[in-house]
Amino acid sequence: MTGGRVSVPRYHALDRLRAAMMTLGVVRHAAMSYEPTVFAGWPYQDAAADVLVRWVIVFIRVFQLPVFFAIAGFFGAYLVHRHGVRGFLRQRWSRIGVPFLVAWPLVGVTMYFILPFLSRFSPVPQGFSYGLAEQTWAQGSRYLFMHLWFLYHLMILCVIAAGAWLLAVRIPERLRVRALDLFARLVHRGGIAALVLGAAAILYRMQSWEIDYYAGPFPPLRLLALWGLFFGFGWLLFHRRETLGGFRQPAWTHLAAGIACFFAYRHFADTGCHAGPDRICTGTSVVHHLGTVVFLALAMGLLAYALFGLFLRYLDRPSRRWRYLADASYWIYIVHVPVVMLLPLLLRDAPLPGIVKLALVVVTAIALLLVAYRHLVRPTFIGKQLNGRRYARGAAW
């Protein structure tokens, strides 16, 4: 930031985009019960497994977390602008660190009991041992934080960002202004190329040729670098937020190009990479490896630009219902995994395609968790911890 603090409007579109990315996490995890490829850490696979569901999972994974971390960087810079570095770290600890430390053991204990229960109903043998005594530390630690790993990574990035900001403010203001002005000029004229090149360089170091999965306490630098790239992009974007309007006009073009690159990425990945039980790619084709990471990086960047543009173009007006859903999405994401694991058992014998079962599970899970949010979270100390304030009991919106 340069100069004095100025008033910053509420970015309704980005609030909604963040909520949408949280909700897509529910879709992606619910889909694990209906994909034909057995995932090592998932206890149940339905007999109606559908290849279409597999495509839903891999498509969401391309853009969901890059977009989420870019928004986190944007609002992180906003908090520093408003409260300073200490206030930023205090707020992030309260809203991210504390919920993580409280939710992790509670969800973990719940999962400890339901994982072996669910595995008994799966028609497909699972290759993952759920007995803690039977696991090595390396096996168990990889899944230690479960779906809450992104909160852990986000806290690490916030600490790094705070340190980087304290160093950046020591740079002469004239140089900082020039650097931010350069970013503003390039963000819509080559900025996407720089983002793609950075992502491709990091993705090339991934063991899976894609985005590696790790939910343990010592995240690989390549993963922190990838999330940090998008976090930093969002951070800079806040400081030149006048450029946000430039995302609107080409949004549909970026979306079409991003989808095309997604299919190209899947072609190279599916024909060149043969993943082992730990999802480590054993392919040796340099051409396929380069094709995979280049088109994956292109899909990431183009879809991120597209989603920013579409939400800014069509969903940037205030709405109390959207605000309510945006607040609820954090709670829904934290507690949803046991729910979407159990609900498929109710549809186990239903003669429906896997994609239809997935839709029913997602809608039911979100509905149940919204009811719980309204009565058990929003008007209580839990709602205050997650959303920053406690609402009156019975207030719908």
# chains A, B, ... in the order shown; residues from 1 in each chain; ligands from 1
call {"tool": "residues_around", "arguments": {"residues": "Ala359 (chain A)", "least_positions_apart": "3", "cutoff": "9 Å", "atoms": "only C-alpha atoms", "output": "short mmCIF file (atom, residue, chain, number, x, y, z; two decimals) with N, CA and C atoms, in the first residue's frame"}}
result
data_model
loop_
_atom_site.label_atom_id
_atom_site.label_comp_id
_atom_site.auth_asym_id
_atom_site.auth_seq_id
_atom_site.Cartn_x
_atom_site.Cartn_y
_atom_site.Cartn_z
N VAL A 27 -19.08 -30.46 -3.13
CA VAL A 27 -19.36 -31.26 -4.32
C VAL A 27 -18.23 -32.24 -4.58
N ALA A 30 -18.18 -35.03 -1.90
CA ALA A 30 -19.32 -35.93 -2.07
C ALA A 30 -19.12 -36.83 -3.28
N ALA A 31 -18.47 -36.31 -4.29
CA ALA A 31 -18.25 -37.08 -5.53
C ALA A 31 -17.32 -38.26 -5.32
N GLY A 354 -24.91 -42.56 -10.95
CA GLY A 354 -24.05 -41.96 -9.94
C GLY A 354 -24.12 -40.46 -9.91
N ILE A 355 -24.23 -39.81 -11.07
CA ILE A 355 -24.25 -38.34 -11.12
C ILE A 355 -25.53 -37.81 -10.47
N VAL A 356 -26.64 -38.55 -10.58
CA VAL A 356 -27.90 -38.14 -9.95
C VAL A 356 -27.80 -38.32 -8.44
N VAL A 362 -25.39 -33.85 -2.43
CA VAL A 362 -24.92 -32.47 -2.25
C VAL A 362 -26.05 -31.57 -1.76
N VAL A 363 -27.21 -31.64 -2.41
CA VAL A 363 -28.34 -30.79 -2.03
C VAL A 363 -28.79 -31.11 -0.60
N THR A 364 -28.88 -32.38 -0.28
CA THR A 364 -29.31 -32.78 1.08
C THR A 364 -28.32 -32.33 2.13
#
call {"tool": "residues_around", "arguments": {"residues": "region 291-301 of chain A", "least_positions_apart": "5", "cutoff": "10 Å", "atoms": "only C-alpha atoms", "output": "PyMOL selection string"}}
result
chain A and resi 59+61-67+191-206+209-211+230+254-273+285-286+306
call {"tool": "write_last_selection", "arguments": {"atoms": "C-alpha atoms", "output": "tab-separated table (two decimals), in the first residue's frame"}}
result
chain	number	residue	atom	x	y	z
A	59	PHE	CA	-12.36	-30.22	-13.34
A	61	ARG	CA	-9.68	-29.36	-8.70
A	62	VAL	CA	-8.11	-27.35	-11.52
A	63	PHE	CA	-9.44	-23.97	-10.42
A	64	GLN	CA	-11.08	-24.25	-6.99
A	65	LEU	CA	-8.04	-23.80	-4.75
A	66	PRO	CA	-6.12	-21.39	-7.02
A	67	VAL	CA	-9.17	-19.10	-7.02
A	191	GLY	CA	-0.34	-10.87	-16.59
A	192	ILE	CA	-2.12	-14.14	-17.23
A	193	ALA	CA	0.96	-15.38	-19.13
A	194	ALA	CA	3.21	-14.61	-16.15
A	195	LEU	CA	0.79	-16.41	-13.83
A	196	VAL	CA	0.71	-19.42	-16.15
A	197	LEU	CA	4.50	-19.57	-16.51
A	198	GLY	CA	4.96	-19.43	-12.74
A	199	ALA	CA	2.35	-22.14	-12.20
A	200	ALA	CA	3.83	-24.37	-14.92
A	201	ALA	CA	7.33	-24.12	-13.41
A	202	ILE	CA	5.97	-25.22	-10.03
A	203	LEU	CA	3.69	-27.94	-11.45
A	204	TYR	CA	6.66	-29.48	-13.26
A	205	ARG	CA	8.06	-30.42	-9.84
A	206	MET	CA	4.87	-32.20	-8.74
A	209	TRP	CA	2.18	-34.32	-12.86
A	210	GLU	CA	-0.84	-32.48	-11.47
A	211	ILE	CA	-1.47	-30.85	-8.07
A	230	PHE	CA	-2.07	-17.19	-6.43
A	254	HIS	CA	-11.36	-16.86	-20.84
A	255	LEU	CA	-13.92	-19.49	-19.78
A	256	ALA	CA	-14.05	-21.10	-23.23
A	257	ALA	CA	-10.26	-21.08	-23.55
A	258	GLY	CA	-9.86	-22.47	-20.02
A	259	ILE	CA	-12.22	-25.37	-20.72
A	260	ALA	CA	-10.39	-26.17	-23.97
A	261	CYS	CA	-7.06	-26.18	-22.11
A	262	PHE	CA	-8.57	-28.43	-19.45
A	263	PHE	CA	-9.40	-31.09	-22.03
A	264	ALA	CA	-5.93	-30.77	-23.58
A	265	TYR	CA	-4.39	-31.20	-20.12
A	266	ARG	CA	-6.46	-34.32	-19.47
A	267	HIS	CA	-5.41	-35.77	-22.83
A	268	PHE	CA	-1.71	-35.47	-21.99
A	269	ALA	CA	-2.21	-36.62	-18.38
A	270	ASP	CA	-4.36	-39.64	-19.17
A	271	THR	CA	-2.17	-40.89	-22.02
A	272	GLY	CA	1.23	-40.23	-20.45
A	273	CYS	CA	0.91	-40.60	-16.68
A	285	SER	CA	7.40	-39.17	-21.68
A	286	VAL	CA	8.84	-35.66	-21.49
A	306	ALA	CA	-12.90	-16.19	-16.05
call {"tool": "atom_distance", "arguments": {"atom1": "CA of Leu167 (chain A)", "atom2": "CA of Phe218 (chain A)"}}
result
25.1 Å
call {"tool": "closest_residue", "arguments": {"among": "A:Ala251, A:Ile280, A:Leu370, A:Ile334", "to": "Leu310 (chain A)", "atoms": "only C-alpha atoms"}}
result
A:Ala251
call {"tool": "closest_residue", "arguments": {"among": "A:Leu325, A:Met146, A:Ala168, A:Leu182", "to": "Val337 (chain A)", "atoms": "only C-alpha atoms"}}
result
A:Met146
call {"tool": "residues_around", "arguments": {"residues": "Val177 (chain A)", "least_positions_apart": "3", "cutoff": "12 Å", "atoms": "only C-alpha atoms", "output": "list of chain:residue names"}}
result
A:Met1, A:Thr2, A:Gly3, A:Ala168, A:Val169, A:Ile171, A:Pro172, A:Glu173, A:Arg174, A:Leu180, A:Asp181, A:Leu182, A:Phe183, A:Ala184, A:Leu236, A:His239, A:Arg240
call {"tool": "write_last_selection", "arguments": {"atoms": "N, CA and C atoms", "output": "mmCIF file, in the first residue's frame"}}
result
data_model
loop_
_atom_site.group_PDB
_atom_site.id
_atom_site.type_symbol
_atom_site.label_atom_id
_atom_site.label_comp_id
_atom_site.auth_asym_id
_atom_site.auth_seq_id
_atom_site.Cartn_x
_atom_site.Cartn_y
_atom_site.Cartn_z
ATOM 1 N N MET A 1 0.842 -1.185 0.000
ATOM 2 C CA MET A 1 0.000 0.000 0.000
ATOM 3 C C MET A 1 0.876 1.234 0.000
ATOM 4 N N THR A 2 0.417 2.262 -0.614
ATOM 5 C CA THR A 2 1.127 3.536 -0.630
ATOM 6 C C THR A 2 0.157 4.621 -0.203
ATOM 7 N N GLY A 3 0.707 5.669 0.405
ATOM 8 C CA GLY A 3 -0.135 6.771 0.801
ATOM 9 C C GLY A 3 -0.984 6.433 2.003
ATOM 10 N N ALA A 168 8.726 -5.245 2.635
ATOM 11 C CA ALA A 168 8.372 -4.416 1.479
ATOM 12 C C ALA A 168 8.226 -2.947 1.851
ATOM 13 N N VAL A 169 7.703 -2.668 3.063
ATOM 14 C CA VAL A 169 7.495 -1.263 3.431
ATOM 15 C C VAL A 169 8.817 -0.539 3.670
ATOM 16 N N ILE A 171 11.176 -0.709 1.467
ATOM 17 C CA ILE A 171 11.597 -0.286 0.126
ATOM 18 C C ILE A 171 11.086 1.134 -0.102
ATOM 19 N N PRO A 172 11.876 1.995 -0.721
ATOM 20 C CA PRO A 172 11.404 3.367 -0.986
ATOM 21 C C PRO A 172 10.040 3.372 -1.675
ATOM 22 N N GLU A 173 9.176 4.274 -1.232
ATOM 23 C CA GLU A 173 7.808 4.304 -1.738
ATOM 24 C C GLU A 173 7.767 4.475 -3.248
ATOM 25 N N ARG A 174 8.695 5.239 -3.794
ATOM 26 C CA ARG A 174 8.721 5.475 -5.241
ATOM 27 C C ARG A 174 8.864 4.162 -6.004
ATOM 28 N N LEU A 180 3.918 -1.588 -8.435
ATOM 29 C CA LEU A 180 2.474 -1.807 -8.471
ATOM 30 C C LEU A 180 1.855 -1.256 -9.751
ATOM 31 N N ASP A 181 2.382 -0.143 -10.244
ATOM 32 C CA ASP A 181 1.884 0.395 -11.520
ATOM 33 C C ASP A 181 2.211 -0.553 -12.673
ATOM 34 N N LEU A 182 3.371 -1.186 -12.608
ATOM 35 C CA LEU A 182 3.729 -2.168 -13.634
ATOM 36 C C LEU A 182 2.766 -3.355 -13.580
ATOM 37 N N PHE A 183 2.457 -3.803 -12.375
ATOM 38 C CA PHE A 183 1.489 -4.889 -12.219
ATOM 39 C C PHE A 183 0.143 -4.482 -12.813
ATOM 40 N N ALA A 184 -0.303 -3.232 -12.546
ATOM 41 C CA ALA A 184 -1.593 -2.765 -13.055
ATOM 42 C C ALA A 184 -1.609 -2.739 -14.581
ATOM 43 N N LEU A 236 -1.526 -8.473 -4.644
ATOM 44 C CA LEU A 236 -1.196 -7.354 -5.527
ATOM 45 C C LEU A 236 -2.449 -6.773 -6.167
ATOM 46 N N HIS A 239 -4.057 -4.095 -4.161
ATOM 47 C CA HIS A 239 -3.369 -2.804 -4.181
ATOM 48 C C HIS A 239 -3.525 -2.075 -5.508
ATOM 49 N N ARG A 240 -4.014 -2.779 -6.516
ATOM 50 C CA ARG A 240 -4.389 -2.115 -7.774
ATOM 51 C C ARG A 240 -5.782 -2.599 -8.152
#
call {"tool": "residues_around", "arguments": {"residues": "Leu157 (chain A)", "least_positions_apart": "5", "cutoff": "12 Å", "atoms": "only C-alpha atoms", "output": "list in words"}}
result
Phe69, Ala70, Ala72, Gly73, Gly76, Leu89, Arg92, Ile96, Phe150, Leu151, Tyr152, Ala162, Gly163, Ala164, Trp165, Pro219, Leu221, Leu223, Leu224, Ala225, Leu226, Trp227, Gly228, Leu229, Phe230, Phe231, Gly232 and Trp235 of chain A
call {"tool": "write_last_selection", "arguments": {"atoms": "N, CA and C atoms", "output": "PDB file, in the first residue's frame"}}
result
ATOM      1  N   PHE A  69      -7.259 -19.235  -3.032  1.00  0.00           N
ATOM      2  CA  PHE A  69      -6.074 -18.586  -2.471  1.00  0.00           C
ATOM      3  C   PHE A  69      -5.870 -17.182  -3.048  1.00  0.00           C
ATOM      4  N   ALA A  70      -6.277 -16.962  -4.298  1.00  0.00           N
ATOM      5  CA  ALA A  70      -6.195 -15.608  -4.847  1.00  0.00           C
ATOM      6  C   ALA A  70      -7.128 -14.665  -4.081  1.00  0.00           C
ATOM      7  N   ALA A  72      -8.145 -15.151  -0.996  1.00  0.00           N
ATOM      8  CA  ALA A  72      -7.564 -15.022   0.347  1.00  0.00           C
ATOM      9  C   ALA A  72      -6.467 -13.969   0.354  1.00  0.00           C
ATOM     10  N   GLY A  73      -5.648 -13.927  -0.698  1.00  0.00           N
ATOM     11  CA  GLY A  73      -4.616 -12.900  -0.790  1.00  0.00           C
ATOM     12  C   GLY A  73      -5.202 -11.511  -0.915  1.00  0.00           C
ATOM     13  N   GLY A  76      -6.605 -10.635   2.410  1.00  0.00           N
ATOM     14  CA  GLY A  76      -5.502 -10.475   3.350  1.00  0.00           C
ATOM     15  C   GLY A  76      -4.880  -9.095   3.239  1.00  0.00           C
ATOM     16  N   LEU A  89      -2.712 -10.361  11.499  1.00  0.00           N
ATOM     17  CA  LEU A  89      -2.357 -11.660  12.068  1.00  0.00           C
ATOM     18  C   LEU A  89      -3.325 -12.066  13.183  1.00  0.00           C
ATOM     19  N   ARG A  92      -6.566 -13.176  11.426  1.00  0.00           N
ATOM     20  CA  ARG A  92      -6.413 -14.457  10.744  1.00  0.00           C
ATOM     21  C   ARG A  92      -6.300 -15.606  11.748  1.00  0.00           C
ATOM     22  N   ILE A  96      -9.168 -18.200  11.390  1.00  0.00           N
ATOM     23  CA  ILE A  96      -8.658 -19.386  10.693  1.00  0.00           C
ATOM     24  C   ILE A  96      -7.984 -20.344  11.666  1.00  0.00           C
ATOM     25  N   PHE A 150      -6.250 -26.997   4.101  1.00  0.00           N
ATOM     26  CA  PHE A 150      -6.110 -25.690   3.437  1.00  0.00           C
ATOM     27  C   PHE A 150      -6.080 -24.547   4.442  1.00  0.00           C
ATOM     28  N   LEU A 151      -6.737 -24.734   5.614  1.00  0.00           N
ATOM     29  CA  LEU A 151      -6.651 -23.709   6.658  1.00  0.00           C
ATOM     30  C   LEU A 151      -5.235 -23.635   7.212  1.00  0.00           C
ATOM     31  N   TYR A 152      -4.619 -24.776   7.373  1.00  0.00           N
ATOM     32  CA  TYR A 152      -3.235 -24.850   7.860  1.00  0.00           C
ATOM     33  C   TYR A 152      -2.293 -24.167   6.868  1.00  0.00           C
ATOM     34  N   ALA A 162       2.881 -11.574   6.010  1.00  0.00           N
ATOM     35  CA  ALA A 162       3.135 -10.513   6.994  1.00  0.00           C
ATOM     36  C   ALA A 162       4.614 -10.161   7.029  1.00  0.00           C
ATOM     37  N   GLY A 163       5.478 -11.196   7.030  1.00  0.00           N
ATOM     38  CA  GLY A 163       6.915 -10.922   7.003  1.00  0.00           C
ATOM     39  C   GLY A 163       7.349 -10.224   5.734  1.00  0.00           C
ATOM     40  N   ALA A 164       6.810 -10.673   4.588  1.00  0.00           N
ATOM     41  CA  ALA A 164       7.164 -10.034   3.315  1.00  0.00           C
ATOM     42  C   ALA A 164       6.702  -8.583   3.283  1.00  0.00           C
ATOM     43  N   TRP A 165       5.534  -8.309   3.870  1.00  0.00           N
ATOM     44  CA  TRP A 165       5.033  -6.941   3.881  1.00  0.00           C
ATOM     45  C   TRP A 165       5.919  -6.039   4.741  1.00  0.00           C
ATOM     46  N   PRO A 219       3.997 -29.435   4.787  1.00  0.00           N
ATOM     47  CA  PRO A 219       3.655 -29.333   3.363  1.00  0.00           C
ATOM     48  C   PRO A 219       4.887 -29.122   2.497  1.00  0.00           C
ATOM     49  N   LEU A 221       7.366 -27.691  -0.257  1.00  0.00           N
ATOM     50  CA  LEU A 221       7.540 -26.313  -0.716  1.00  0.00           C
ATOM     51  C   LEU A 221       6.842 -26.080  -2.050  1.00  0.00           C
ATOM     52  N   LEU A 223       3.996 -27.174  -3.037  1.00  0.00           N
ATOM     53  CA  LEU A 223       2.592 -26.852  -2.822  1.00  0.00           C
ATOM     54  C   LEU A 223       2.422 -25.444  -2.257  1.00  0.00           C
ATOM     55  N   LEU A 224       3.237 -25.096  -1.268  1.00  0.00           N
ATOM     56  CA  LEU A 224       3.167 -23.731  -0.719  1.00  0.00           C
ATOM     57  C   LEU A 224       3.496 -22.699  -1.781  1.00  0.00           C
ATOM     58  N   ALA A 225       4.431 -23.041  -2.683  1.00  0.00           N
ATOM     59  CA  ALA A 225       4.784 -22.111  -3.761  1.00  0.00           C
ATOM     60  C   ALA A 225       3.608 -21.907  -4.708  1.00  0.00           C
ATOM     61  N   LEU A 226       2.886 -22.990  -5.028  1.00  0.00           N
ATOM     62  CA  LEU A 226       1.750 -22.867  -5.937  1.00  0.00           C
ATOM     63  C   LEU A 226       0.647 -22.027  -5.319  1.00  0.00           C
ATOM     64  N   TRP A 227       0.281 -22.337  -4.077  1.00  0.00           N
ATOM     65  CA  TRP A 227      -0.761 -21.538  -3.418  1.00  0.00           C
ATOM     66  C   TRP A 227      -0.266 -20.114  -3.178  1.00  0.00           C
ATOM     67  N   GLY A 228       1.018 -19.974  -2.849  1.00  0.00           N
ATOM     68  CA  GLY A 228       1.575 -18.644  -2.626  1.00  0.00           C
ATOM     69  C   GLY A 228       1.575 -17.790  -3.877  1.00  0.00           C
ATOM     70  N   LEU A 229       1.742 -18.416  -5.051  1.00  0.00           N
ATOM     71  CA  LEU A 229       1.693 -17.675  -6.316  1.00  0.00           C
ATOM     72  C   LEU A 229       0.338 -17.010  -6.489  1.00  0.00           C
ATOM     73  N   PHE A 230      -0.730 -17.760  -6.261  1.00  0.00           N
ATOM     74  CA  PHE A 230      -2.075 -17.193  -6.431  1.00  0.00           C
ATOM     75  C   PHE A 230      -2.430 -16.263  -5.274  1.00  0.00           C
ATOM     76  N   PHE A 231      -1.964 -16.593  -4.073  1.00  0.00           N
ATOM     77  CA  PHE A 231      -2.167 -15.695  -2.929  1.00  0.00           C
ATOM     78  C   PHE A 231      -1.509 -14.347  -3.202  1.00  0.00           C
ATOM     79  N   GLY A 232      -0.275 -14.372  -3.690  1.00  0.00           N
ATOM     80  CA  GLY A 232       0.428 -13.136  -4.007  1.00  0.00           C
ATOM     81  C   GLY A 232      -0.247 -12.353  -5.120  1.00  0.00           C
ATOM     82  N   TRP A 235      -3.079 -10.599  -3.562  1.00  0.00           N
ATOM     83  CA  TRP A 235      -2.562  -9.515  -2.704  1.00  0.00           C
ATOM     84  C   TRP A 235      -2.242  -8.281  -3.539  1.00  0.00           C
TER      85      TRP A 235
END
call {"tool": "select_by_dssp", "arguments": {"residues": "region 128-330 of chain A", "states": "alpha helix (DSSP H)", "output": "ChimeraX atom specification"}}
result
/A:137-142,149-168,173-186,191-203,221-239,251-272,286-314,320-330
